[in-house]
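Undergrad: Here you go, this is start-v8.csv (CSV, N, CA and C atoms).
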chain,number,residue,atom,x,y,z
A,1,GLN,N,-12.4,34.9,11.9
A,1,GLN,CA,-11.8,35.0,10.6
A,1,GLN,C,-11.5,33.7,10.0
A,2,VAL,N,-12.0,33.5,8.8
A,2,VAL,CA,-11.9,32.2,8.2
A,2,VAL,C,-10.5,32.0,7.6
A,3,GLN,N,-9.9,30.9,7.8
A,3,GLN,CA,-8.6,30.6,7.2
A,3,GLN,C,-8.7,29.2,6.5
A,4,LEU,N,-8.2,29.1,5.3
A,4,LEU,CA,-8.0,27.9,4.6
A,4,LEU,C,-6.6,27.7,4.2
A,5,VAL,N,-6.0,26.6,4.6
A,5,VAL,CA,-4.6,26.4,4.4
A,5,VAL,C,-4.4,25.1,3.6
A,6,GLU,N,-3.9,25.2,2.4
A,6,GLU,CA,-3.6,24.0,1.6
A,6,GLU,C,-2.2,23.5,1.8
A,7,SER,N,-2.1,22.2,1.6
A,7,SER,CA,-0.8,21.5,1.7
A,7,SER,C,-0.8,20.3,0.8
A,8,GLY,N,0.4,19.8,0.5
A,8,GLY,CA,0.5,18.5,-0.2
A,8,GLY,C,0.9,18.6,-1.6
A,9,GLY,N,1.1,19.8,-2.1
A,9,GLY,CA,1.5,20.0,-3.5
A,9,GLY,C,3.0,19.6,-3.7
A,10,GLY,N,3.4,19.6,-4.9
A,10,GLY,CA,4.8,19.2,-5.2
A,10,GLY,C,5.1,18.8,-6.6
A,11,LEU,N,6.2,18.3,-6.8
A,11,LEU,CA,6.6,17.8,-8.2
A,11,LEU,C,6.5,16.3,-8.2
A,12,VAL,N,5.8,15.8,-9.3
A,12,VAL,CA,5.6,14.4,-9.4
A,12,VAL,C,5.7,14.0,-10.9
A,13,GLN,N,6.1,12.8,-11.2
A,13,GLN,CA,6.2,12.4,-12.6
A,13,GLN,C,4.8,12.0,-13.1
A,14,ALA,N,4.6,12.1,-14.4
A,14,ALA,CA,3.3,11.7,-15.0
A,14,ALA,C,3.0,10.2,-14.6
A,15,GLY,N,1.8,10.0,-14.2
A,15,GLY,CA,1.3,8.7,-13.7
A,15,GLY,C,1.4,8.6,-12.2
A,16,GLY,N,2.0,9.5,-11.6
A,16,GLY,CA,2.1,9.5,-10.1
A,16,GLY,C,0.9,10.0,-9.4
A,17,SER,N,1.0,10.1,-8.1
A,17,SER,CA,-0.1,10.5,-7.3
A,17,SER,C,0.3,11.5,-6.2
A,18,LEU,N,-0.6,12.4,-5.9
A,18,LEU,CA,-0.5,13.3,-4.8
A,18,LEU,C,-1.8,13.4,-4.0
A,19,ARG,N,-1.7,13.7,-2.7
A,19,ARG,CA,-2.9,14.0,-2.0
A,19,ARG,C,-2.8,15.4,-1.4
A,20,LEU,N,-3.7,16.3,-1.8
A,20,LEU,CA,-3.8,17.6,-1.2
A,20,LEU,C,-4.7,17.7,0.0
A,21,SER,N,-4.4,18.5,0.9
A,21,SER,CA,-5.2,18.7,2.1
A,21,SER,C,-5.5,20.2,2.2
A,22,CYS,N,-6.6,20.5,2.8
A,22,CYS,CA,-7.0,21.9,3.1
A,22,CYS,C,-7.6,21.9,4.5
A,23,ALA,N,-7.0,22.6,5.4
A,23,ALA,CA,-7.4,22.7,6.7
A,23,ALA,C,-8.1,24.0,6.9
A,24,ALA,N,-9.3,24.0,7.5
A,24,ALA,CA,-10.1,25.2,7.7
A,24,ALA,C,-10.3,25.6,9.2
A,25,SER,N,-10.4,26.8,9.4
A,25,SER,CA,-10.6,27.3,10.8
A,25,SER,C,-11.4,28.6,10.7
A,26,GLY,N,-12.1,28.9,11.8
A,26,GLY,CA,-12.8,30.2,11.9
A,26,GLY,C,-14.3,30.2,11.5
A,27,ARG,N,-14.7,28.9,11.2
A,27,ARG,CA,-16.1,28.8,10.7
A,27,ARG,C,-16.5,27.4,11.0
A,28,THR,N,-17.8,27.1,11.1
A,28,THR,CA,-18.3,25.7,11.3
A,28,THR,C,-18.1,25.0,10.0
A,29,PHE,N,-17.0,24.3,9.9
A,29,PHE,CA,-16.6,23.6,8.7
A,29,PHE,C,-17.7,22.7,8.2
A,30,SER,N,-18.3,21.9,9.1
A,30,SER,CA,-19.3,20.9,8.7
A,30,SER,C,-20.6,21.4,8.0
A,31,MET,N,-20.8,22.7,8.1
A,31,MET,CA,-22.0,23.3,7.6
A,31,MET,C,-21.9,23.9,6.2
A,32,TYR,N,-20.7,23.8,5.6
A,32,TYR,CA,-20.5,24.4,4.3
A,32,TYR,C,-19.9,23.4,3.3
A,33,ASP,N,-20.2,23.7,2.0
A,33,ASP,CA,-19.7,22.9,0.9
A,33,ASP,C,-18.2,23.4,0.6
A,34,MET,N,-17.4,22.4,0.1
A,34,MET,CA,-16.0,22.7,-0.2
A,34,MET,C,-15.7,22.3,-1.6
A,35,GLY,N,-14.8,23.1,-2.2
A,35,GLY,CA,-14.4,22.8,-3.5
A,35,GLY,C,-12.9,23.0,-3.8
A,36,TRP,N,-12.4,22.3,-4.8
A,36,TRP,CA,-11.0,22.5,-5.3
A,36,TRP,C,-11.1,23.1,-6.7
A,37,PHE,N,-10.3,24.1,-6.9
A,37,PHE,CA,-10.1,24.8,-8.2
A,37,PHE,C,-8.7,24.8,-8.5
A,38,ARG,N,-8.3,25.0,-9.8
A,38,ARG,CA,-6.9,25.1,-10.1
A,38,ARG,C,-6.7,26.2,-11.2
A,39,GLN,N,-5.5,26.7,-11.2
A,39,GLN,CA,-5.2,27.8,-12.2
A,39,GLN,C,-3.8,27.5,-12.7
A,40,ALA,N,-3.8,27.2,-14.0
A,40,ALA,CA,-2.5,27.1,-14.7
A,40,ALA,C,-2.0,28.4,-15.2
A,41,LEU,N,-0.7,28.5,-15.4
A,41,LEU,CA,-0.1,29.7,-15.8
A,41,LEU,C,-0.8,30.3,-17.1
A,42,GLY,N,-1.2,31.5,-17.0
A,42,GLY,CA,-1.8,32.1,-18.2
A,42,GLY,C,-3.2,31.7,-18.5
A,43,LYS,N,-3.8,30.9,-17.6
A,43,LYS,CA,-5.2,30.5,-17.8
A,43,LYS,C,-6.1,30.9,-16.6
A,44,GLU,N,-7.4,30.8,-16.9
A,44,GLU,CA,-8.4,31.2,-15.8
A,44,GLU,C,-8.5,30.1,-14.8
A,45,ARG,N,-8.9,30.4,-13.6
A,45,ARG,CA,-9.2,29.4,-12.6
A,45,ARG,C,-10.3,28.5,-13.0
A,46,GLU,N,-10.2,27.2,-12.9
A,46,GLU,CA,-11.2,26.3,-13.3
A,46,GLU,C,-11.5,25.3,-12.2
A,47,PHE,N,-12.8,24.9,-12.2
A,47,PHE,CA,-13.3,23.9,-11.2
A,47,PHE,C,-12.7,22.6,-11.4
A,48,VAL,N,-12.4,21.9,-10.3
A,48,VAL,CA,-11.8,20.6,-10.3
A,48,VAL,C,-12.8,19.6,-9.6
A,49,ALA,N,-13.1,19.9,-8.4
A,49,ALA,CA,-14.0,18.9,-7.7
A,49,ALA,C,-14.7,19.7,-6.5
A,50,ALA,N,-15.8,19.1,-6.0
A,50,ALA,CA,-16.4,19.7,-4.9
A,50,ALA,C,-17.2,18.6,-4.1
A,51,ILE,N,-17.4,18.9,-2.8
A,51,ILE,CA,-18.1,18.0,-2.0
A,51,ILE,C,-19.1,18.7,-1.1
A,52,SER,N,-20.3,18.1,-1.0
A,52,SER,CA,-21.4,18.8,-0.3
A,52,SER,C,-21.1,18.8,1.2
A,53,TRP,N,-21.8,19.7,1.9
A,53,TRP,CA,-21.5,19.9,3.4
A,53,TRP,C,-21.7,18.7,4.2
A,54,ILE,N,-22.6,17.8,3.8
A,54,ILE,CA,-22.8,16.5,4.5
A,54,ILE,C,-21.9,15.4,3.9
A,55,GLY,N,-21.2,15.7,2.9
A,55,GLY,CA,-20.3,14.7,2.3
A,55,GLY,C,-20.9,13.7,1.4
A,56,GLY,N,-22.2,13.8,1.2
A,56,GLY,CA,-22.8,12.7,0.4
A,56,GLY,C,-22.8,13.0,-1.1
A,57,GLY,N,-22.6,14.2,-1.5
A,57,GLY,CA,-22.5,14.6,-2.9
A,57,GLY,C,-21.1,15.0,-3.3
A,58,THR,N,-20.6,14.4,-4.4
A,58,THR,CA,-19.3,14.8,-4.9
A,58,THR,C,-19.5,15.2,-6.4
A,59,TYR,N,-18.7,16.1,-6.8
A,59,TYR,CA,-18.8,16.6,-8.2
A,59,TYR,C,-17.4,16.8,-8.8
A,60,TYR,N,-17.3,16.5,-10.0
A,60,TYR,CA,-16.0,16.5,-10.7
A,60,TYR,C,-16.0,17.1,-12.0
A,61,ALA,N,-14.9,17.8,-12.4
A,61,ALA,CA,-14.8,18.2,-13.8
A,61,ALA,C,-14.5,16.9,-14.6
A,62,ASP,N,-15.0,17.0,-15.9
A,62,ASP,CA,-14.8,15.8,-16.8
A,62,ASP,C,-13.3,15.5,-16.9
A,63,SER,N,-12.4,16.5,-16.9
A,63,SER,CA,-11.0,16.2,-17.1
A,63,SER,C,-10.4,15.4,-16.0
A,64,VAL,N,-11.0,15.3,-14.8
A,64,VAL,CA,-10.4,14.6,-13.7
A,64,VAL,C,-11.2,13.4,-13.2
A,65,LYS,N,-12.4,13.3,-13.8
A,65,LYS,CA,-13.3,12.2,-13.3
A,65,LYS,C,-12.6,10.8,-13.5
A,66,GLY,N,-12.7,10.0,-12.5
A,66,GLY,CA,-12.0,8.7,-12.5
A,66,GLY,C,-10.6,8.7,-12.1
A,67,ARG,N,-10.0,9.9,-12.0
A,67,ARG,CA,-8.6,10.0,-11.5
A,67,ARG,C,-8.4,10.7,-10.2
A,68,PHE,N,-9.3,11.6,-9.9
A,68,PHE,CA,-9.3,12.4,-8.7
A,68,PHE,C,-10.4,12.0,-7.8
A,69,ALA,N,-10.2,12.1,-6.5
A,69,ALA,CA,-11.3,11.9,-5.5
A,69,ALA,C,-11.3,12.9,-4.4
A,70,ILE,N,-12.4,13.5,-4.1
A,70,ILE,CA,-12.5,14.5,-3.1
A,70,ILE,C,-13.2,13.8,-1.9
A,71,SER,N,-12.7,14.2,-0.7
A,71,SER,CA,-13.3,13.7,0.5
A,71,SER,C,-13.2,14.7,1.6
A,72,ARG,N,-13.9,14.6,2.7
A,72,ARG,CA,-13.8,15.5,3.8
A,72,ARG,C,-13.9,14.8,5.1
A,73,GLU,N,-13.2,15.3,6.1
A,73,GLU,CA,-13.2,14.8,7.4
A,73,GLU,C,-13.6,15.9,8.4
A,74,ASN,N,-14.9,16.0,8.7
A,74,ASN,CA,-15.5,17.1,9.4
A,74,ASN,C,-14.9,17.2,10.8
A,75,ALA,N,-14.5,16.1,11.4
A,75,ALA,CA,-13.9,16.1,12.8
A,75,ALA,C,-12.6,16.8,12.8
A,76,LYS,N,-11.9,16.8,11.6
A,76,LYS,CA,-10.6,17.5,11.5
A,76,LYS,C,-10.7,18.8,10.7
A,77,ASN,N,-11.9,19.2,10.3
A,77,ASN,CA,-12.1,20.4,9.6
A,77,ASN,C,-11.2,20.4,8.3
A,78,THR,N,-11.1,19.3,7.6
A,78,THR,CA,-10.2,19.2,6.5
A,78,THR,C,-10.9,18.5,5.3
A,79,VAL,N,-10.5,19.0,4.2
A,79,VAL,CA,-11.0,18.4,2.9
A,79,VAL,C,-9.7,18.0,2.1
A,80,TYR,N,-9.9,16.9,1.4
A,80,TYR,CA,-8.8,16.3,0.7
A,80,TYR,C,-9.1,16.2,-0.8
A,81,LEU,N,-8.0,16.1,-1.5
A,81,LEU,CA,-8.1,15.8,-3.0
A,81,LEU,C,-7.0,14.8,-3.3
A,82,GLN,N,-7.4,13.5,-3.5
A,82,GLN,CA,-6.5,12.5,-3.9
A,82,GLN,C,-6.4,12.5,-5.4
A,83,MET,N,-5.2,12.7,-5.9
A,83,MET,CA,-5.0,12.8,-7.3
A,83,MET,C,-4.1,11.7,-7.8
A,84,ASN,N,-4.7,10.8,-8.7
A,84,ASN,CA,-4.0,9.7,-9.2
A,84,ASN,C,-3.8,9.8,-10.7
A,85,SER,N,-2.9,9.0,-11.3
A,85,SER,CA,-2.7,9.1,-12.8
A,85,SER,C,-2.5,10.5,-13.3
A,86,LEU,N,-1.7,11.2,-12.6
A,86,LEU,CA,-1.5,12.6,-12.9
A,86,LEU,C,-0.9,12.8,-14.3
A,87,LYS,N,-1.3,13.9,-15.0
A,87,LYS,CA,-0.8,14.2,-16.3
A,87,LYS,C,-0.1,15.6,-16.3
A,88,PRO,N,0.7,15.8,-17.2
A,88,PRO,CA,1.4,17.2,-17.3
A,88,PRO,C,0.3,18.3,-17.3
A,89,GLU,N,-0.8,18.0,-18.0
A,89,GLU,CA,-1.8,19.1,-18.0
A,89,GLU,C,-2.5,19.3,-16.7
A,90,ASP,N,-2.2,18.5,-15.7
A,90,ASP,CA,-2.8,18.8,-14.3
A,90,ASP,C,-1.9,19.8,-13.6
A,91,THR,N,-0.8,20.2,-14.2
A,91,THR,CA,0.1,21.2,-13.6
A,91,THR,C,-0.7,22.6,-13.4
A,92,ALA,N,-0.7,23.0,-12.1
A,92,ALA,CA,-1.4,24.3,-11.8
A,92,ALA,C,-1.2,24.6,-10.3
A,93,VAL,N,-1.6,25.7,-9.9
A,93,VAL,CA,-1.8,26.0,-8.5
A,93,VAL,C,-3.2,25.6,-8.2
A,94,TYR,N,-3.3,24.8,-7.1
A,94,TYR,CA,-4.6,24.3,-6.7
A,94,TYR,C,-5.1,25.0,-5.4
A,95,TYR,N,-6.3,25.5,-5.5
A,95,TYR,CA,-6.9,26.3,-4.4
A,95,TYR,C,-8.1,25.5,-3.8
A,96,CYS,N,-8.3,25.6,-2.5
A,96,CYS,CA,-9.5,25.1,-2.0
A,96,CYS,C,-10.4,26.3,-1.6
A,97,GLY,N,-11.7,26.1,-1.7
A,97,GLY,CA,-12.6,27.1,-1.4
A,97,GLY,C,-13.8,26.6,-0.6
A,98,MET,N,-14.3,27.5,0.3
A,98,MET,CA,-15.5,27.2,1.1
A,98,MET,C,-16.6,28.1,0.6
A,99,THR,N,-17.8,27.5,0.5
A,99,THR,CA,-18.9,28.3,0.0
A,99,THR,C,-19.5,29.2,1.0
A,100,GLY,N,-20.2,30.2,0.5
A,100,GLY,CA,-20.8,31.2,1.4
A,100,GLY,C,-22.1,30.8,1.9
A,101,ARG,N,-22.7,29.7,1.3
A,101,ARG,CA,-24.0,29.2,1.7
A,101,ARG,C,-24.0,27.7,1.4
A,102,LYS,N,-25.0,27.1,1.9
A,102,LYS,CA,-25.2,25.6,1.6
A,102,LYS,C,-25.8,25.6,0.2
A,103,LEU,N,-25.2,24.9,-0.7
A,103,LEU,CA,-25.6,24.8,-2.1
A,103,LEU,C,-26.7,23.7,-2.3
A,104,SER,N,-27.6,23.9,-3.2
A,104,SER,CA,-28.5,22.9,-3.6
A,104,SER,C,-27.7,21.8,-4.4
A,105,PRO,N,-28.2,20.6,-4.5
A,105,PRO,CA,-27.5,19.5,-5.2
A,105,PRO,C,-27.5,19.7,-6.7
A,106,ASN,N,-27.0,20.8,-7.2
A,106,ASN,CA,-26.9,21.1,-8.6
A,106,ASN,C,-25.5,21.2,-9.0
A,107,TYR,N,-25.0,20.4,-10.0
A,107,TYR,CA,-23.6,20.4,-10.4
A,107,TYR,C,-23.2,21.8,-10.8
A,108,SER,N,-24.1,22.6,-11.5
A,108,SER,CA,-23.8,23.9,-12.0
A,108,SER,C,-23.4,24.9,-10.9
A,109,ASP,N,-24.1,24.7,-9.8
A,109,ASP,CA,-23.8,25.6,-8.6
A,109,ASP,C,-22.4,25.4,-8.1
A,110,TYR,N,-21.9,24.2,-8.1
A,110,TYR,CA,-20.6,23.9,-7.6
A,110,TYR,C,-19.5,24.4,-8.5
A,111,LEU,N,-19.8,24.6,-9.8
A,111,LEU,CA,-18.8,25.0,-10.7
A,111,LEU,C,-18.4,26.5,-10.6
A,112,ARG,N,-19.4,27.2,-10.1
A,112,ARG,CA,-19.2,28.7,-10.0
A,112,ARG,C,-18.2,29.1,-8.9
A,113,ALA,N,-17.1,29.8,-9.3
A,113,ALA,CA,-16.2,30.2,-8.3
A,113,ALA,C,-16.8,31.3,-7.4
A,114,THR,N,-17.8,32.0,-7.9
A,114,THR,CA,-18.4,33.1,-7.1
A,114,THR,C,-19.2,32.5,-6.0
A,115,GLU,N,-19.5,31.2,-6.0
A,115,GLU,CA,-20.2,30.6,-4.8
A,115,GLU,C,-19.3,30.4,-3.6
A,116,TYR,N,-18.0,30.5,-3.9
A,116,TYR,CA,-17.1,30.2,-2.8
A,116,TYR,C,-16.6,31.6,-2.2
A,117,ALA,N,-16.9,31.7,-0.9
A,117,ALA,CA,-16.7,33.0,-0.3
A,117,ALA,C,-15.3,33.1,0.3
A,118,TYR,N,-14.6,32.0,0.5
A,118,TYR,CA,-13.3,32.0,1.1
A,118,TYR,C,-12.4,31.0,0.3
A,119,TRP,N,-11.1,31.5,0.2
A,119,TRP,CA,-10.1,30.7,-0.5
A,119,TRP,C,-8.8,30.6,0.3
A,120,GLY,N,-8.1,29.5,0.0
A,120,GLY,CA,-6.8,29.4,0.5
A,120,GLY,C,-5.8,30.1,-0.4
A,121,GLN,N,-4.5,30.0,0.0
A,121,GLN,CA,-3.4,30.7,-0.7
A,121,GLN,C,-2.9,29.9,-1.9
A,122,GLY,N,-3.3,28.6,-2.0
A,122,GLY,CA,-2.9,27.8,-3.1
A,122,GLY,C,-1.7,26.9,-2.8
A,123,THR,N,-1.6,25.8,-3.5
A,123,THR,CA,-0.5,24.9,-3.5
A,123,THR,C,-0.1,24.5,-4.9
A,124,GLN,N,1.2,24.6,-5.2
A,124,GLN,CA,1.6,24.3,-6.6
A,124,GLN,C,1.7,22.8,-6.8
A,125,VAL,N,1.2,22.3,-7.9
A,125,VAL,CA,1.3,20.9,-8.3
A,125,VAL,C,2.0,21.0,-9.7
A,126,THR,N,3.1,20.3,-9.8
A,126,THR,CA,3.8,20.2,-11.1
A,126,THR,C,4.0,18.8,-11.5
A,127,VAL,N,3.5,18.4,-12.7
A,127,VAL,CA,3.6,17.1,-13.2
A,127,VAL,C,4.6,17.1,-14.4
A,128,SER,N,5.6,16.3,-14.3
A,128,SER,CA,6.6,16.3,-15.3
A,128,SER,C,6.4,15.1,-16.3
A,129,SER,N,6.7,15.3,-17.5
A,129,SER,CA,6.4,14.2,-18.5
A,129,SER,C,7.6,13.3,-18.6
Could you write out this structure as structure tokens?

TA:
Amino acid sequence: QVQLVESGGGLVQAGGSLRLSCAASGRTFSMYDMGWFRQALGKEREFVAAISWIGGGTYYADSVKGRFAISRENAKNTVYLQMNSLKPEDTAVYYCGMTGRKLSPNYSDYLRATEYAYWGQGTQVTVSS
């Protein structure tokens, strides 16, 4: 049984930083792509960032490019999202997802929530102005 557990969310002032972690179990972590999505109150879930299974490819939404960085540590079955220069509009529940297959290096593939077969329970990030 695959489990994804996010941690690291919290309340931070605008301009601050947080690092989210997502620990995976129940599947060979190193063989699958990982992504972070977020969902603000009253809005649809949106893509934030993704990293390929071998870690060489990273993909970002335009809204977070240059501020967020995704990384993975296969030895620890963990993916991270370093978030810097946070803005109030980054406030959302952040979810990590694991893909159901190895994706080709196409940005559009990583954007699709339907490519992610497993999800964590989410962690709340609140950025105050």

Undergrad: Please report as JSON lines every residue of stretch 73-115 of chain A lying within 6 Å of stretch 28-45 of chain A, along with the nearest atom pair and their distance in Å (one decimal), using only C-alpha atoms.

TA:
{"residue": "A:Asn74", "atom": "CA", "partner": "A:Ser30", "partner_atom": "CA", "distance": 5.4}
{"residue": "A:Asn77", "atom": "CA", "partner": "A:Phe29", "partner_atom": "CA", "distance": 5.6}
{"residue": "A:Ala92", "atom": "CA", "partner": "A:Ala40", "partner_atom": "CA", "distance": 4.2}
{"residue": "A:Val93", "atom": "CA", "partner": "A:Gln39", "partner_atom": "CA", "distance": 5.3}
{"residue": "A:Tyr94", "atom": "CA", "partner": "A:Arg38", "partner_atom": "CA", "distance": 4.2}
{"residue": "A:Tyr95", "atom": "CA", "partner": "A:Phe37", "partner_atom": "CA", "distance": 5.2}
{"residue": "A:Cys96", "atom": "CA", "partner": "A:Trp36", "partner_atom": "CA", "distance": 4.5}
{"residue": "A:Gly97", "atom": "CA", "partner": "A:Gly35", "partner_atom": "CA", "distance": 5.1}
{"residue": "A:Met98", "atom": "CA", "partner": "A:Met34", "partner_atom": "CA", "distance": 4.7}
{"residue": "A:Thr99", "atom": "CA", "partner": "A:Asp33", "partner_atom": "CA", "distance": 5.5}
{"residue": "A:Lys102", "atom": "CA", "partner": "A:Tyr32", "partner_atom": "CA", "distance": 5.6}

Undergrad: Contacts of A:Ser129 at 6.5 Å or less, counting all atoms listed in the file, minus same-chain residues fewer than 4 places along, as a list in words?

TA: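 With the cut-off at 6.5 Å, the set is Gln13, Ala14 and Pro88 of chain A.
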
Undergrad: Could you pull out all residues of chain A with a DSSP call of strand (DSSP E) and give them as an MDAnalysis selection string?

TA: chainID A and resid 3:7 10:13 18:25 34:39 46:51 58:60 68:73 78:83 92:99 116:119 123:128

Undergrad: For atom CA of A:Leu81 and atom N of A:Gly9, quote the distance in Å rounded to one decimal.

TA: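 If I compute the distance from atom CA of A:Leu81 to atom N of A:Gly9, I get 10.1 Å.
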
Undergrad: Go ahead and compute the interatomic distance for atom N of A:Ser52 and atom C of A:Ser71, in Å to one decimal.

TA: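 Between atom N of A:Ser52 and atom C of A:Ser71 the gap is 8.3 Å.
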
Undergrad: Nearest to A:Ile70 among A:Ser7, A:Ser25, A:Ser85, A:Thr58, with distances taken over all atoms listed in the file: which residue is it?

TA: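 Of all the options, A:Thr58 lies closest to A:Ile70.
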
Undergrad: Env of A:Val64: 8 Å cut, atoms = only N, CA and C atoms, seq-sep filter 5 positions within chain, self excluded. Answer as a list in words.

TA: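 That gives Val48, Ala49 and Ala69 of chain A.
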
Undergrad: Provide the atom CA of A:Gln1 to atom CA of A:Gly26 distance in Å, to one decimal place.

TA: 5.1 Å

Undergrad: Select, from A:Asp90, A:Asp62, A:Asp109, A:Glu115, the residue with the minimum atom-to-atom distance to A:Val127, counting only N, CA and C atoms.

TA: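 Among the listed residues, A:Asp90 lies closest to A:Val127.
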
Undergrad: Could you check which residues have any atom within 12 Å of (-19.6, 21.6, -15.6), counting only C-alpha atoms with coordinates taken straight from the file, and then list them as a list in words?

TA: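 Those within range, by chain then number, are Glu46, Phe47, Val48, Ala49, Ala50, Tyr59, Tyr60, Ala61, Asp62, Ser63, Val64, Lys65, Asn106, Tyr107, Ser108, Asp109, Tyr110, Leu111, Arg112 and Ala113 of chain A.
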
Undergrad: Per DSSP on the backbone, filter stretch 78-113 of chain A down to the residues in alpha helix (DSSP H) and report them as a list in words.

TA: Tyr107, Ser108, Asp109, Tyr110 and Leu111 of chain A

Undergrad: Starting from the point (-10.4, 31.7, 7.4), work out which residues of protein, DNA or RNA have an atom no more than 8 Å away when counting all atoms listed in the file; state them as a CSV table (one decimal) with N, CA and C atoms, in the coordinates of the input.

TA:
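The resulting result.csv:
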chain,number,residue,atom,x,y,z
A,1,GLN,N,-12.4,34.9,11.9
A,1,GLN,CA,-11.8,35.0,10.6
A,1,GLN,C,-11.5,33.7,10.0
A,2,VAL,N,-12.0,33.5,8.8
A,2,VAL,CA,-11.9,32.2,8.2
A,2,VAL,C,-10.5,32.0,7.6
A,3,GLN,N,-9.9,30.9,7.8
A,3,GLN,CA,-8.6,30.6,7.2
A,3,GLN,C,-8.7,29.2,6.5
A,4,LEU,N,-8.2,29.1,5.3
A,4,LEU,CA,-8.0,27.9,4.6
A,4,LEU,C,-6.6,27.7,4.2
A,5,VAL,N,-6.0,26.6,4.6
A,5,VAL,CA,-4.6,26.4,4.4
A,5,VAL,C,-4.4,25.1,3.6
A,24,ALA,N,-9.3,24.0,7.5
A,24,ALA,CA,-10.1,25.2,7.7
A,24,ALA,C,-10.3,25.6,9.2
A,25,SER,N,-10.4,26.8,9.4
A,25,SER,CA,-10.6,27.3,10.8
A,25,SER,C,-11.4,28.6,10.7
A,26,GLY,N,-12.1,28.9,11.8
A,26,GLY,CA,-12.8,30.2,11.9
A,26,GLY,C,-14.3,30.2,11.5
A,27,ARG,N,-14.7,28.9,11.2
A,27,ARG,CA,-16.1,28.8,10.7
A,27,ARG,C,-16.5,27.4,11.0
A,118,TYR,N,-14.6,32.0,0.5
A,118,TYR,CA,-13.3,32.0,1.1
A,118,TYR,C,-12.4,31.0,0.3
A,119,TRP,N,-11.1,31.5,0.2
A,119,TRP,CA,-10.1,30.7,-0.5
A,119,TRP,C,-8.8,30.6,0.3

Undergrad: Compare A:Ser128, A:Gly8, A:Ser17, A:Ala117 by their minimum atom-to-atom distance to A:Gln82, counting all atoms listed in the file, and give me the closest one.

TA: A:Ser17

Undergrad: Go through A:Arg67, A:Gly16, A:Gly57, A:Glu6 one by one, measure the shortest atom-to-atom distance of each to A:Pro105 using all atoms listed in the file, and give the residue with the smallest value.

TA: A:Gly57

Undergrad: Out of A:Asn84, A:Gln124, A:Thr91, A:Thr78, which residue has the shortest atom-to-atom distance to A:Trp53 when counting only C-alpha atoms?

TA: A:Thr78

Undergrad: Save stretch 88-100 of chain A from what I just supplied, as a CSV table (one decimal), in the first residue's frame, atoms limited to N, CA and C atoms.

TA:
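Dumped to out-v3.csv:
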chain,number,residue,atom,x,y,z
A,88,PRO,N,1.4,36.1,-0.2
A,88,PRO,CA,0.0,35.7,0.3
A,88,PRO,C,-0.7,34.8,-0.6
A,89,GLU,N,-0.5,35.0,-1.9
A,89,GLU,CA,-1.2,34.1,-2.9
A,89,GLU,C,-0.7,32.7,-3.0
A,90,ASP,N,0.4,32.4,-2.3
A,90,ASP,CA,0.9,31.0,-2.2
A,90,ASP,C,0.1,30.2,-1.1
A,91,THR,N,-0.7,30.9,-0.4
A,91,THR,CA,-1.5,30.2,0.7
A,91,THR,C,-2.4,29.2,0.0
A,92,ALA,N,-2.3,27.9,0.5
A,92,ALA,CA,-3.0,26.8,0.0
A,92,ALA,C,-2.7,25.6,0.8
A,93,VAL,N,-3.4,24.5,0.5
A,93,VAL,CA,-3.0,23.2,1.0
A,93,VAL,C,-2.1,22.6,-0.1
A,94,TYR,N,-1.0,22.1,0.3
A,94,TYR,CA,0.0,21.6,-0.7
A,94,TYR,C,0.0,20.0,-0.6
A,95,TYR,N,-0.1,19.4,-1.7
A,95,TYR,CA,-0.2,18.0,-1.9
A,95,TYR,C,1.0,17.5,-2.7
A,96,CYS,N,1.6,16.4,-2.2
A,96,CYS,CA,2.5,15.7,-3.1
A,96,CYS,C,1.9,14.5,-3.8
A,97,GLY,N,2.3,14.2,-5.0
A,97,GLY,CA,1.8,13.1,-5.7
A,97,GLY,C,2.8,12.3,-6.4
A,98,MET,N,2.6,11.0,-6.6
A,98,MET,CA,3.5,10.1,-7.2
A,98,MET,C,2.8,9.6,-8.5
A,99,THR,N,3.5,9.6,-9.6
A,99,THR,CA,2.9,9.2,-10.9
A,99,THR,C,2.7,7.7,-10.9
A,100,GLY,N,1.7,7.3,-11.8
A,100,GLY,CA,1.4,5.9,-12.0
A,100,GLY,C,2.4,5.3,-13.0
